[in-house]
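Chemist: Supplied in structure tokens, the structure appears directly below.
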Amino acid sequence: MNETVQLPIDVNTIRTLIPHRYPFLLVDRVDELDIEGKRIVCRKNVSINEPFFQGHFPGQPIMPGVLIIEALAQAGGVLTQLSMGRDAQSKLFYMVKVENARFSKQVVPGDVLELHVTVKRVIRNMAVYYGEAKVDGEVVACAEVLCAGTRE
């Protein structure tokens with residue numbers, strides 16, 4: 001895909017780029033894309049209707065931190081697919097390592113989770129992403145994520 005990508009990119013287009021589906025598709029929209037700079041900003045609208053809120057935690061719903069990290073990884077996957085001009089049927093990437101994960105604030109229903117992801121480096125069939133999840137401009141979580149692709 002080239003730099004003429006029309007923004008924002010909606011969830012229907014995202015579904016053509018990565019294989020995730022409800023209830024595990026955690027990227028709702030792409031708001032910013034810089035293929036040259038290997039950077040993307042996506043969003044996840046956090047709703048009380050999310051299935052994980054039934055048990056995490058009843059009476060005080062909080063988005064699980066592991067799902068915030070997964071959302072960052074999915075945003076990285078969208079960036080990789082867009083920069084390589086591929087679709088969801090192309091080579092799959094799997095999260096294989098998370099480093100330096102930090103959680104500084106709870107994410108609750110009604111929040112809009114902004115997923116800021118950059119590619120730090122690409123090594124053969126692997127990519128290292130740095131991601132920050134923000135709510136109202138404030139960092140609520142960050143991590144480095146290593147994803148490895150399947151062999152073609």
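Residues in the structure tokens are named by chain (A, B, ... in the order shown) and by number from 1 within that chain; ligands are numbered from 1 in the order shown.
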Could you make a table, as CSV, of the residues of stretch 26-57 of chain A that have an atom within 6 Å of an atom of stretch 114-131 of chain A, each with its nearest atom pair and distance in Å to one decimal, counting only C-alpha atoms, in chain and number order?
Modeler:
```
residue,atom,partner,partner_atom,distance
A:Lys38,CA,A:Val119,CA,5.5
A:Arg39,CA,A:Thr118,CA,4.4
A:Ile40,CA,A:Val117,CA,5.4
A:Val41,CA,A:His116,CA,4.6
A:Cys42,CA,A:Leu115,CA,4.9
A:Arg43,CA,A:Glu114,CA,4.6
```
Chemist: Hey, what's within 6 Å of stretch 72-83 of chain A if we count only C-alpha atoms and toss same-chain stuff fewer than 2 positions away? As a list in words, please?
Modeler: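 So, after excluding close chain neighbours, the residues are Met1, Ile35, Ile69, Glu70, Gly85, Arg86, Leu115 and Gly131 of chain A.
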Chemist: Only all heavy atoms, please: the residues just picked out, written as a PDB file, in the first residue's frame.
Modeler:
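Once written, selection.pdb looks like this:
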```pdb
ATOM      1  N   MET A   1       0.856  -1.183   0.000  1.00  0.00           N
ATOM      2  CA  MET A   1       0.000   0.000   0.000  1.00  0.00           C
ATOM      3  C   MET A   1       0.897   1.239   0.000  1.00  0.00           C
ATOM      4  O   MET A   1       1.964   1.230   0.563  1.00  0.00           O
ATOM      5  CB  MET A   1      -0.896  -0.027   1.238  1.00  0.00           C
ATOM      6  CG  MET A   1      -2.274   0.493   0.981  1.00  0.00           C
ATOM      7  SD  MET A   1      -3.378   0.232   2.375  1.00  0.00           S
ATOM      8  CE  MET A   1      -4.520  -0.916   1.651  1.00  0.00           C
ATOM      9  N   ILE A  35       3.944   5.802   7.073  1.00  0.00           N
ATOM     10  CA  ILE A  35       4.625   4.592   6.623  1.00  0.00           C
ATOM     11  C   ILE A  35       6.130   4.808   6.568  1.00  0.00           C
ATOM     12  O   ILE A  35       6.904   3.950   6.978  1.00  0.00           O
ATOM     13  CB  ILE A  35       4.063   4.122   5.261  1.00  0.00           C
ATOM     14  CG1 ILE A  35       2.625   3.617   5.467  1.00  0.00           C
ATOM     15  CG2 ILE A  35       4.936   3.027   4.666  1.00  0.00           C
ATOM     16  CD1 ILE A  35       1.900   3.241   4.197  1.00  0.00           C
ATOM     17  N   ILE A  69      -1.875  -4.414  26.036  1.00  0.00           N
ATOM     18  CA  ILE A  69      -0.668  -4.803  25.302  1.00  0.00           C
ATOM     19  C   ILE A  69      -1.041  -5.478  23.984  1.00  0.00           C
ATOM     20  O   ILE A  69      -0.444  -5.217  22.939  1.00  0.00           O
ATOM     21  CB  ILE A  69       0.225  -5.740  26.151  1.00  0.00           C
ATOM     22  CG1 ILE A  69       0.640  -5.058  27.464  1.00  0.00           C
ATOM     23  CG2 ILE A  69       1.439  -6.208  25.351  1.00  0.00           C
ATOM     24  CD1 ILE A  69       1.385  -3.753  27.307  1.00  0.00           C
ATOM     25  N   GLU A  70      -2.059  -6.337  24.009  1.00  0.00           N
ATOM     26  CA  GLU A  70      -2.531  -6.983  22.776  1.00  0.00           C
ATOM     27  C   GLU A  70      -3.015  -5.936  21.773  1.00  0.00           C
ATOM     28  O   GLU A  70      -2.746  -6.051  20.570  1.00  0.00           O
ATOM     29  CB  GLU A  70      -3.654  -7.975  23.094  1.00  0.00           C
ATOM     30  CG  GLU A  70      -4.327  -8.576  21.877  1.00  0.00           C
ATOM     31  CD  GLU A  70      -3.454  -9.460  21.008  1.00  0.00           C
ATOM     32  OE1 GLU A  70      -2.449 -10.014  21.504  1.00  0.00           O
ATOM     33  OE2 GLU A  70      -3.774  -9.610  19.806  1.00  0.00           O
ATOM     34  N   GLY A  85       1.817  -3.604   2.158  1.00  0.00           N
ATOM     35  CA  GLY A  85       0.799  -3.805   1.142  1.00  0.00           C
ATOM     36  C   GLY A  85       0.170  -5.180   1.178  1.00  0.00           C
ATOM     37  O   GLY A  85      -0.183  -5.739   0.153  1.00  0.00           O
ATOM     38  N   ARG A  86       0.012  -5.732   2.381  1.00  0.00           N
ATOM     39  CA  ARG A  86      -0.536  -7.078   2.517  1.00  0.00           C
ATOM     40  C   ARG A  86      -1.907  -7.046   3.168  1.00  0.00           C
ATOM     41  O   ARG A  86      -2.329  -6.029   3.714  1.00  0.00           O
ATOM     42  CB  ARG A  86       0.412  -7.942   3.355  1.00  0.00           C
ATOM     43  CG  ARG A  86       1.769  -8.062   2.690  1.00  0.00           C
ATOM     44  CD  ARG A  86       2.654  -9.076   3.313  1.00  0.00           C
ATOM     45  NE  ARG A  86       2.695  -8.978   4.751  1.00  0.00           N
ATOM     46  CZ  ARG A  86       3.701  -9.393   5.491  1.00  0.00           C
ATOM     47  NH1 ARG A  86       4.751  -9.921   4.920  1.00  0.00           N
ATOM     48  NH2 ARG A  86       3.677  -9.296   6.779  1.00  0.00           N
ATOM     49  N   LEU A 115      -3.659   4.264  20.657  1.00  0.00           N
ATOM     50  CA  LEU A 115      -2.561   3.319  20.544  1.00  0.00           C
ATOM     51  C   LEU A 115      -1.486   3.907  19.641  1.00  0.00           C
ATOM     52  O   LEU A 115      -1.657   3.974  18.423  1.00  0.00           O
ATOM     53  CB  LEU A 115      -3.088   1.991  19.983  1.00  0.00           C
ATOM     54  CG  LEU A 115      -4.288   1.411  20.724  1.00  0.00           C
ATOM     55  CD1 LEU A 115      -4.973   0.338  19.899  1.00  0.00           C
ATOM     56  CD2 LEU A 115      -3.874   0.891  22.095  1.00  0.00           C
ATOM     57  N   GLY A 131       5.196   0.677  21.919  1.00  0.00           N
ATOM     58  CA  GLY A 131       3.847   1.213  21.946  1.00  0.00           C
ATOM     59  C   GLY A 131       3.520   1.925  23.238  1.00  0.00           C
ATOM     60  O   GLY A 131       3.980   1.525  24.318  1.00  0.00           O
TER      61      GLY A 131
END
```
Chemist: Residues within 8 Å of A:Pro19, please, as a list in words. Count only C-alpha atoms; anything in the same chain fewer than 4 positions from it doesn't count.
Modeler: Arg15, Ala88 and Gln89 of chain A
Chemist: Would you save the residues of that selection, restricted to N, CA, C and O atoms, as a PDB file, in the first residue's frame?
Modeler:
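Once written, result33.pdb looks like this:
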```pdb
ATOM      1  N   ARG A  15     -10.317  -5.038   9.417  1.00  0.00           N
ATOM      2  CA  ARG A  15     -10.617  -6.478   9.367  1.00  0.00           C
ATOM      3  C   ARG A  15     -10.040  -7.147   8.119  1.00  0.00           C
ATOM      4  O   ARG A  15      -9.842  -8.350   8.100  1.00  0.00           O
ATOM      5  N   ALA A  88      -5.016  -9.645   5.466  1.00  0.00           N
ATOM      6  CA  ALA A  88      -5.120 -10.577   6.586  1.00  0.00           C
ATOM      7  C   ALA A  88      -4.813 -12.013   6.186  1.00  0.00           C
ATOM      8  O   ALA A  88      -4.535 -12.844   7.040  1.00  0.00           O
ATOM      9  N   GLN A  89      -4.847 -12.317   4.895  1.00  0.00           N
ATOM     10  CA  GLN A  89      -4.557 -13.678   4.436  1.00  0.00           C
ATOM     11  C   GLN A  89      -3.062 -13.891   4.202  1.00  0.00           C
ATOM     12  O   GLN A  89      -2.628 -15.001   3.936  1.00  0.00           O
TER      13      GLN A  89
END
```
Chemist: Would you mind listing what lies within 7 Å of A:Lys105 as number ranges by chain, with only C-alpha atoms counted and same-chain residues fewer than 2 positions away left out?
Modeler: A: 103, 107, 140
Chemist: Taking only C-alpha atoms into account, name the residue in A:Val66, A:Val30, A:Met84, A:Val108 that is nearest to A:Ile48.
Modeler: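 Nearest to A:Ile48: A:Val108.
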Chemist: Let me make sure I understand: among A:Ile68, A:Leu92, A:Ile14, A:Leu26, which one has the smallest atom-to-atom distance to A:Ala148 if we use only C-alpha atoms?
Modeler: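 The shortest atom-to-atom distance to A:Ala148 comes from A:Leu92.
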Chemist: DSSP on the backbone, then: every residue of stretch 37-140 of chain A marked strand (DSSP E), written as a count of residues only.
Modeler: 43
Chemist: Using only C-alpha atoms, can you tell me which of A:Lys97, A:Pro109, A:Ile9, A:Asp34 comes closest to A:His56?
Modeler: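 Among the listed residues, A:Pro109 lies closest to A:His56.
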Chemist: Using only C-alpha atoms, which residues sit within 6 Å of A:Val46 once same-chain residues fewer than 3 positions away are excluded, as a list in words?
Modeler: Pro109, Gly110, Asp111 and Val112 of chain A
Chemist: Within stretch 11-93 of chain A, find each residue whose DSSP state, derived from the backbone, is helix (DSSP H, G or I), and express the selection as a PDB file with C-alpha atoms, in the first residue's frame.
Modeler:
```pdb
ATOM      1  CA  VAL A  11     -12.870  -1.179  11.374  1.00  0.00           C
ATOM      2  CA  ASN A  12     -14.131  -2.807   8.159  1.00  0.00           C
ATOM      3  CA  THR A  13     -10.825  -2.070   6.450  1.00  0.00           C
ATOM      4  CA  ILE A  14      -8.868  -3.096   9.564  1.00  0.00           C
ATOM      5  CA  ARG A  15     -10.617  -6.478   9.367  1.00  0.00           C
ATOM      6  CA  THR A  16      -9.126  -6.939   5.888  1.00  0.00           C
ATOM      7  CA  LEU A  17      -5.629  -6.279   7.268  1.00  0.00           C
ATOM      8  CA  PRO A  51     -17.093  -9.292  27.457  1.00  0.00           C
ATOM      9  CA  PHE A  52     -14.048  -9.078  29.756  1.00  0.00           C
ATOM     10  CA  PHE A  53     -15.783  -6.520  32.004  1.00  0.00           C
ATOM     11  CA  GLN A  54     -18.154  -9.229  33.243  1.00  0.00           C
ATOM     12  CA  GLY A  65      -3.477  -4.827  31.064  1.00  0.00           C
ATOM     13  CA  VAL A  66      -2.700  -7.828  28.878  1.00  0.00           C
ATOM     14  CA  LEU A  67      -5.460  -6.717  26.499  1.00  0.00           C
ATOM     15  CA  ILE A  68      -3.981  -3.218  26.335  1.00  0.00           C
ATOM     16  CA  ILE A  69      -0.668  -4.803  25.302  1.00  0.00           C
ATOM     17  CA  GLU A  70      -2.531  -6.983  22.776  1.00  0.00           C
ATOM     18  CA  ALA A  71      -4.183  -3.841  21.353  1.00  0.00           C
ATOM     19  CA  LEU A  72      -0.735  -2.258  20.912  1.00  0.00           C
ATOM     20  CA  ALA A  73       0.478  -5.406  19.135  1.00  0.00           C
ATOM     21  CA  GLN A  74      -2.573  -5.392  16.844  1.00  0.00           C
ATOM     22  CA  ALA A  75      -1.904  -1.738  15.975  1.00  0.00           C
ATOM     23  CA  GLY A  76       1.661  -2.774  15.095  1.00  0.00           C
ATOM     24  CA  GLY A  77       0.235  -5.528  12.911  1.00  0.00           C
ATOM     25  CA  VAL A  78      -1.956  -3.040  11.073  1.00  0.00           C
ATOM     26  CA  LEU A  79       1.093  -0.830  10.505  1.00  0.00           C
ATOM     27  CA  THR A  80       3.119  -3.762   9.164  1.00  0.00           C
ATOM     28  CA  GLN A  81       0.344  -4.869   6.811  1.00  0.00           C
ATOM     29  CA  LEU A  82      -0.200  -1.335   5.498  1.00  0.00           C
ATOM     30  CA  SER A  83       3.513  -0.669   4.997  1.00  0.00           C
ATOM     31  CA  MET A  84       4.013  -3.979   3.177  1.00  0.00           C
TER      32      MET A  84
END
```
Chemist: Please, what distance in Å, to one decimal, runs between atom CA of A:Asp10 and atom CA of A:Arg29?
Modeler: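 We find that atom CA of A:Asp10 and atom CA of A:Arg29 lie 4.8 Å from each other.
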